[in-house]
Amino acid sequence: MPKLSQEQQEKLREIVGKDQLLLAASELEPYGSDYTEDLFFPPDAVIRPATTEEVSAIVRVCNTDNIPLTVRGAGTGLSGACLPVEGGVVMLTERMNRILDVDTKNFQATVECGLINQSLNDHLLDYGLFYPPDPASKGSCFIGGNIAHNSGGPRALKYGVTRDNVLNLEVVLPNGEVIWTGANTLKNSTGYNLTQLLIGSEGTLAVVTKAVLKLLPIPGKRLLFLAGFSDFTNACRAVNAVFLAGLQPSALELMESQGVRISADALQLNFPFKEGCEAYLLIELDGQESELIWRDAETLQNTLEELGVDELLIADEAQRQSEWWRIRSAIGETVKAKSVYKEEDTVVPRHYLPELLSGVKEIGERYGFETVCYGHAGDGNLHVNILKGQMTDEQWNGPDLEEGIREIFRLCKSLGGTISGEHGIGWVQKKYMNEVMGKAHFELMKGIKLAFDPKGILNPSKIF
Ligand SMILES: Cc1cc2nc3c(=O)[nH]c(=O)nc-3n(C[C@H](O)[C@H](O)[C@H](O)COP(=O)(O)OP(=O)(O)OC[C@H]3O[C@@H](n4cnc5c(N)ncnc54)[C@H](O)[C@@H]3O)c2cc1C
């Protein structure tokens, strides 16, 4: 793709003003990467609109002139989805970051797409409400990015992923038209559900500009348990046992000890390591009634003891809970600071977690790669970080490693799972899509893309 012509630059500058169109190589460089591995695809231009009208005008220019257009939120994605792999324009949404309305009568908030997830919840504290989806990147990722990836997070276990918490979207279609996809209602049987189609579409079908989100009252009480296991597989078995005991935790996370150690060291936080523990579960119970939670806590304790837990600690006070959560949330970033990694976002029905984990370790041994595993175990969602370590670039990008990853994904499929639970397909996982989707499925998805974006300008070369 050639760089933008003078005329194209002028048309874009007229829409946003000269300061909001970046063209110098040094200004473009940061937008060539995101949090995925070590990829680099710099754009030809970066544009920063402030309103839906500006987004619409930009999209029209790109559509008329066949310029690839990739929307970027905070760039925390883990599948390279916001990278302009075909060049063209990257549209930043950071200036569209307002909370437009908090409707306390209907438990809804209307926000712009560039709002940081955590900023919404900070604002909602005064109302005693919260927006449940809580990716570990919540301090920086945007609501628009969360919607485009259908992001989850620890509390998706009880409260659902993004798609369970979005009622309605304002979007700009690739021809520049602006529509609302649904209604601000809890029920809606009016035609095809475009809201749900666009959630998880990774910026390939339309640009999300505003969203109406569901809110809930903040639980009055939270208890956090830390369960250490000397045997990793046993920790996985304990995950399903918690649900079979009739409990519904608000979060149930699994962390391999190696990852916990790297994170706790980097954050300089104390963690109650027990000699010989291979893995830890972080289990949260929440609710409005303290008495009920303590009763569930007793059931949880009995269940874990029956399964041979090696260490069981409870954090009742906010400070300790927050420290354990910080250690969990920082595993990905701190492991990456030690070694570039490929993050596989495996997901299976949770009863099969033990098979998934032991399979991943066995495949790693056979193909000669080291993994650090952790994730949203209650959802059957295990993040497998494959470390580059001492591998050469040839090995890292070579066919053997790719085949090893394919084996992991085939294992997921054979267990009834799939290749991404929450990080999306984007750029890095698209070559593995054929492991889980057949021709008819692909053709249907391509037809949908064509109906929305006949010229293929929005986030080209992603997913397919
Ligand atoms: C440390 C760390 C922890 C993480 N933890 C989690 C986790 O617990 N759960 C989880 O699900 N993910 C997690 N992630 C992944 C990532 O944070 C999420 O996918 C997040 O939702 C991406 O948001 P973003 O604003 O950074 O989007 P970006 O990375 O900028 O973009 C992601 C995709 O969204 C599209 N997009 C962005 N804005 C719009 C818009 N307005 N309209 C249309 N398309 C748009 C982009 O084109 C791209 O396809 C984590 C990442 C990191 C680095």
# chains A, B, ... in the order shown; residues from 1 in each chain; ligands from 1
>>> residues_near_ligand(ligand="ligand 1", cutoff="7 Å", atoms="only C-alpha atoms and all ligand atoms", output="ChimeraX atom specification")
/A:34-35,70-78,81-82,93,113-114,134-137,141-154,202-203,206-209,329-330,332-333,422-423,426,459
>>> residues_around(residues="region 231-246 of chain A", least_positions_apart="2", cutoff="10 Å", atoms="only C-alpha atoms", output="ChimeraX atom specification")
/A:227-229,248-249,252-257,276-281,283,296,299-310,349-358,377-380
>>> residues_around(residues="region 95-110 of chain A", least_positions_apart="3", cutoff="10 Å", atoms="only C-alpha atoms", output="ChimeraX atom specification")
/A:48-52,92,113-116,119-120,123-124,127-131,142-144,165-169,184-186,209-217
>>> residues_around(residues="Ile405 (chain A)", least_positions_apart="3", cutoff="10 Å", atoms="only C-alpha atoms", output="PyMOL selection string")
chain A and resi 342+344+360+363-364+367+386+399-402+408-411+432
>>> residues_around(residues="Lys221 (chain A)", least_positions_apart="2", cutoff="12 Å", atoms="only C-alpha atoms", output="PyMOL selection string")
chain A and resi 217-219+223-224+250+284-294+315-318+321
>>> atom_distance(atom1="CA of Glu94 (chain A)", atom2="CA of Asp122 (chain A)")
17.7 Å
>>> atom_distance(atom1="CA of Arg366 (chain A)", atom2="CA of Thr36 (chain A)")
24.9 Å
>>> select_by_dssp(residues="region 143-333 of chain A", states="strand (DSSP E)", output="PyMOL selection string")
chain A and resi 166-172+178-180+207-214+216-217+221-229+251-256+279-287+311-315
>>> closest_residue(among="A:Pro42, A:Gly389, A:Gly200, A:Gly87", to="Glu29 (chain A)", atoms="only C-alpha atoms")
A:Pro42
>>> decode(residues="region 140-169 of chain A", atoms="N, CA, C and O atoms", output="CSV table (one decimal), in the first residue's frame")
chain,number,residue,atom,x,y,z
A,140,SER,N,-5.8,-0.1,31.9
A,140,SER,CA,-5.4,0.6,30.7
A,140,SER,C,-6.3,0.3,29.5
A,140,SER,O,-6.5,1.2,28.6
A,141,CYS,N,-6.9,-0.9,29.4
A,141,CYS,CA,-7.7,-1.2,28.1
A,141,CYS,C,-9.0,-0.4,28.1
A,141,CYS,O,-9.5,0.0,29.1
A,142,PHE,N,-9.4,-0.2,26.8
A,142,PHE,CA,-10.6,0.6,26.6
A,142,PHE,C,-11.9,-0.2,26.4
A,142,PHE,O,-11.8,-1.4,26.0
A,143,ILE,N,-13.0,0.4,26.7
A,143,ILE,CA,-14.3,-0.3,26.5
A,143,ILE,C,-14.5,-0.8,25.1
A,143,ILE,O,-14.9,-1.9,24.8
A,144,GLY,N,-14.0,0.1,24.1
A,144,GLY,CA,-14.2,-0.3,22.7
A,144,GLY,C,-13.4,-1.6,22.4
A,144,GLY,O,-13.8,-2.5,21.6
A,145,GLY,N,-12.1,-1.6,22.9
A,145,GLY,CA,-11.3,-2.8,22.7
A,145,GLY,C,-11.9,-4.0,23.4
A,145,GLY,O,-11.9,-5.1,22.9
A,146,ASN,N,-12.5,-3.8,24.6
A,146,ASN,CA,-13.1,-4.9,25.3
A,146,ASN,C,-14.3,-5.5,24.5
A,146,ASN,O,-14.5,-6.7,24.4
A,147,ILE,N,-15.0,-4.6,23.8
A,147,ILE,CA,-16.2,-5.0,23.0
A,147,ILE,C,-15.7,-5.8,21.8
A,147,ILE,O,-16.2,-6.8,21.4
A,148,ALA,N,-14.6,-5.2,21.1
A,148,ALA,CA,-14.2,-5.8,19.9
A,148,ALA,C,-13.6,-7.2,20.1
A,148,ALA,O,-13.6,-8.1,19.2
A,149,HIS,N,-13.1,-7.5,21.3
A,149,HIS,CA,-12.5,-8.8,21.6
A,149,HIS,C,-13.4,-9.7,22.5
A,149,HIS,O,-13.1,-10.8,22.9
A,150,ASN,N,-14.6,-9.1,22.8
A,150,ASN,CA,-15.5,-9.8,23.8
A,150,ASN,C,-14.7,-10.3,25.0
A,150,ASN,O,-14.6,-11.5,25.4
A,151,SER,N,-14.0,-9.3,25.6
A,151,SER,CA,-13.1,-9.6,26.7
A,151,SER,C,-13.8,-10.2,27.9
A,151,SER,O,-14.9,-9.9,28.2
A,152,GLY,N,-13.0,-11.0,28.6
A,152,GLY,CA,-13.4,-11.6,29.9
A,152,GLY,C,-12.7,-11.0,31.0
A,152,GLY,O,-12.5,-9.7,31.1
A,153,GLY,N,-12.2,-11.8,31.9
A,153,GLY,CA,-11.5,-11.4,33.1
A,153,GLY,C,-11.9,-12.3,34.2
A,153,GLY,O,-12.8,-13.2,34.0
A,154,PRO,N,-11.3,-12.2,35.4
A,154,PRO,CA,-11.6,-13.2,36.5
A,154,PRO,C,-13.1,-13.3,36.8
A,154,PRO,O,-13.6,-14.4,37.0
A,155,ARG,N,-13.8,-12.1,36.9
A,155,ARG,CA,-15.1,-12.2,37.4
A,155,ARG,C,-16.2,-12.5,36.3
A,155,ARG,O,-17.4,-12.6,36.6
A,156,ALA,N,-15.7,-12.8,35.1
A,156,ALA,CA,-16.6,-13.3,34.0
A,156,ALA,C,-17.2,-14.6,34.5
A,156,ALA,O,-18.3,-15.0,34.1
A,157,LEU,N,-16.6,-15.3,35.4
A,157,LEU,CA,-17.0,-16.6,35.9
A,157,LEU,C,-18.4,-16.5,36.4
A,157,LEU,O,-19.3,-17.3,36.2
A,158,LYS,N,-18.7,-15.4,37.2
A,158,LYS,CA,-20.0,-15.3,37.8
A,158,LYS,C,-20.9,-14.3,37.0
A,158,LYS,O,-22.1,-14.4,36.9
A,159,TYR,N,-20.2,-13.2,36.5
A,159,TYR,CA,-21.0,-12.1,35.9
A,159,TYR,C,-21.0,-12.1,34.4
A,159,TYR,O,-21.6,-11.2,33.8
A,160,GLY,N,-20.3,-13.0,33.7
A,160,GLY,CA,-20.3,-13.0,32.3
A,160,GLY,C,-19.2,-12.2,31.6
A,160,GLY,O,-18.6,-11.4,32.3
A,161,VAL,N,-19.0,-12.5,30.4
A,161,VAL,CA,-18.0,-11.8,29.6
A,161,VAL,C,-18.6,-10.5,29.1
A,161,VAL,O,-19.8,-10.2,29.3
A,162,THR,N,-17.9,-9.7,28.2
A,162,THR,CA,-18.4,-8.5,27.7
A,162,THR,C,-19.7,-8.6,27.1
A,162,THR,O,-20.7,-7.8,27.3
A,163,ARG,N,-19.9,-9.7,26.2
A,163,ARG,CA,-21.1,-9.8,25.5
A,163,ARG,C,-22.4,-10.0,26.4
A,163,ARG,O,-23.5,-9.7,26.0
A,164,ASP,N,-22.2,-10.4,27.6
A,164,ASP,CA,-23.3,-10.6,28.6
A,164,ASP,C,-23.6,-9.2,29.3
A,164,ASP,O,-24.6,-9.2,30.0
A,165,ASN,N,-22.8,-8.2,29.0
A,165,ASN,CA,-22.9,-7.0,29.8
A,165,ASN,C,-23.1,-5.7,28.9
A,165,ASN,O,-23.0,-4.6,29.4
A,166,VAL,N,-23.4,-6.0,27.6
A,166,VAL,CA,-23.6,-4.8,26.7
A,166,VAL,C,-25.0,-4.9,26.1
A,166,VAL,O,-25.5,-6.0,25.7
A,167,LEU,N,-25.7,-3.8,26.2
A,167,LEU,CA,-27.1,-3.8,25.7
A,167,LEU,C,-27.2,-3.2,24.3
A,167,LEU,O,-28.1,-3.7,23.5
A,168,ASN,N,-26.4,-2.2,24.0
A,168,ASN,CA,-26.7,-1.5,22.7
A,168,ASN,C,-25.4,-0.8,22.3
A,168,ASN,O,-24.6,-0.4,23.1
A,169,LEU,N,-25.2,-0.7,21.0
A,169,LEU,CA,-24.0,0.0,20.5
A,169,LEU,C,-24.3,1.0,19.4
A,169,LEU,O,-25.1,0.8,18.6
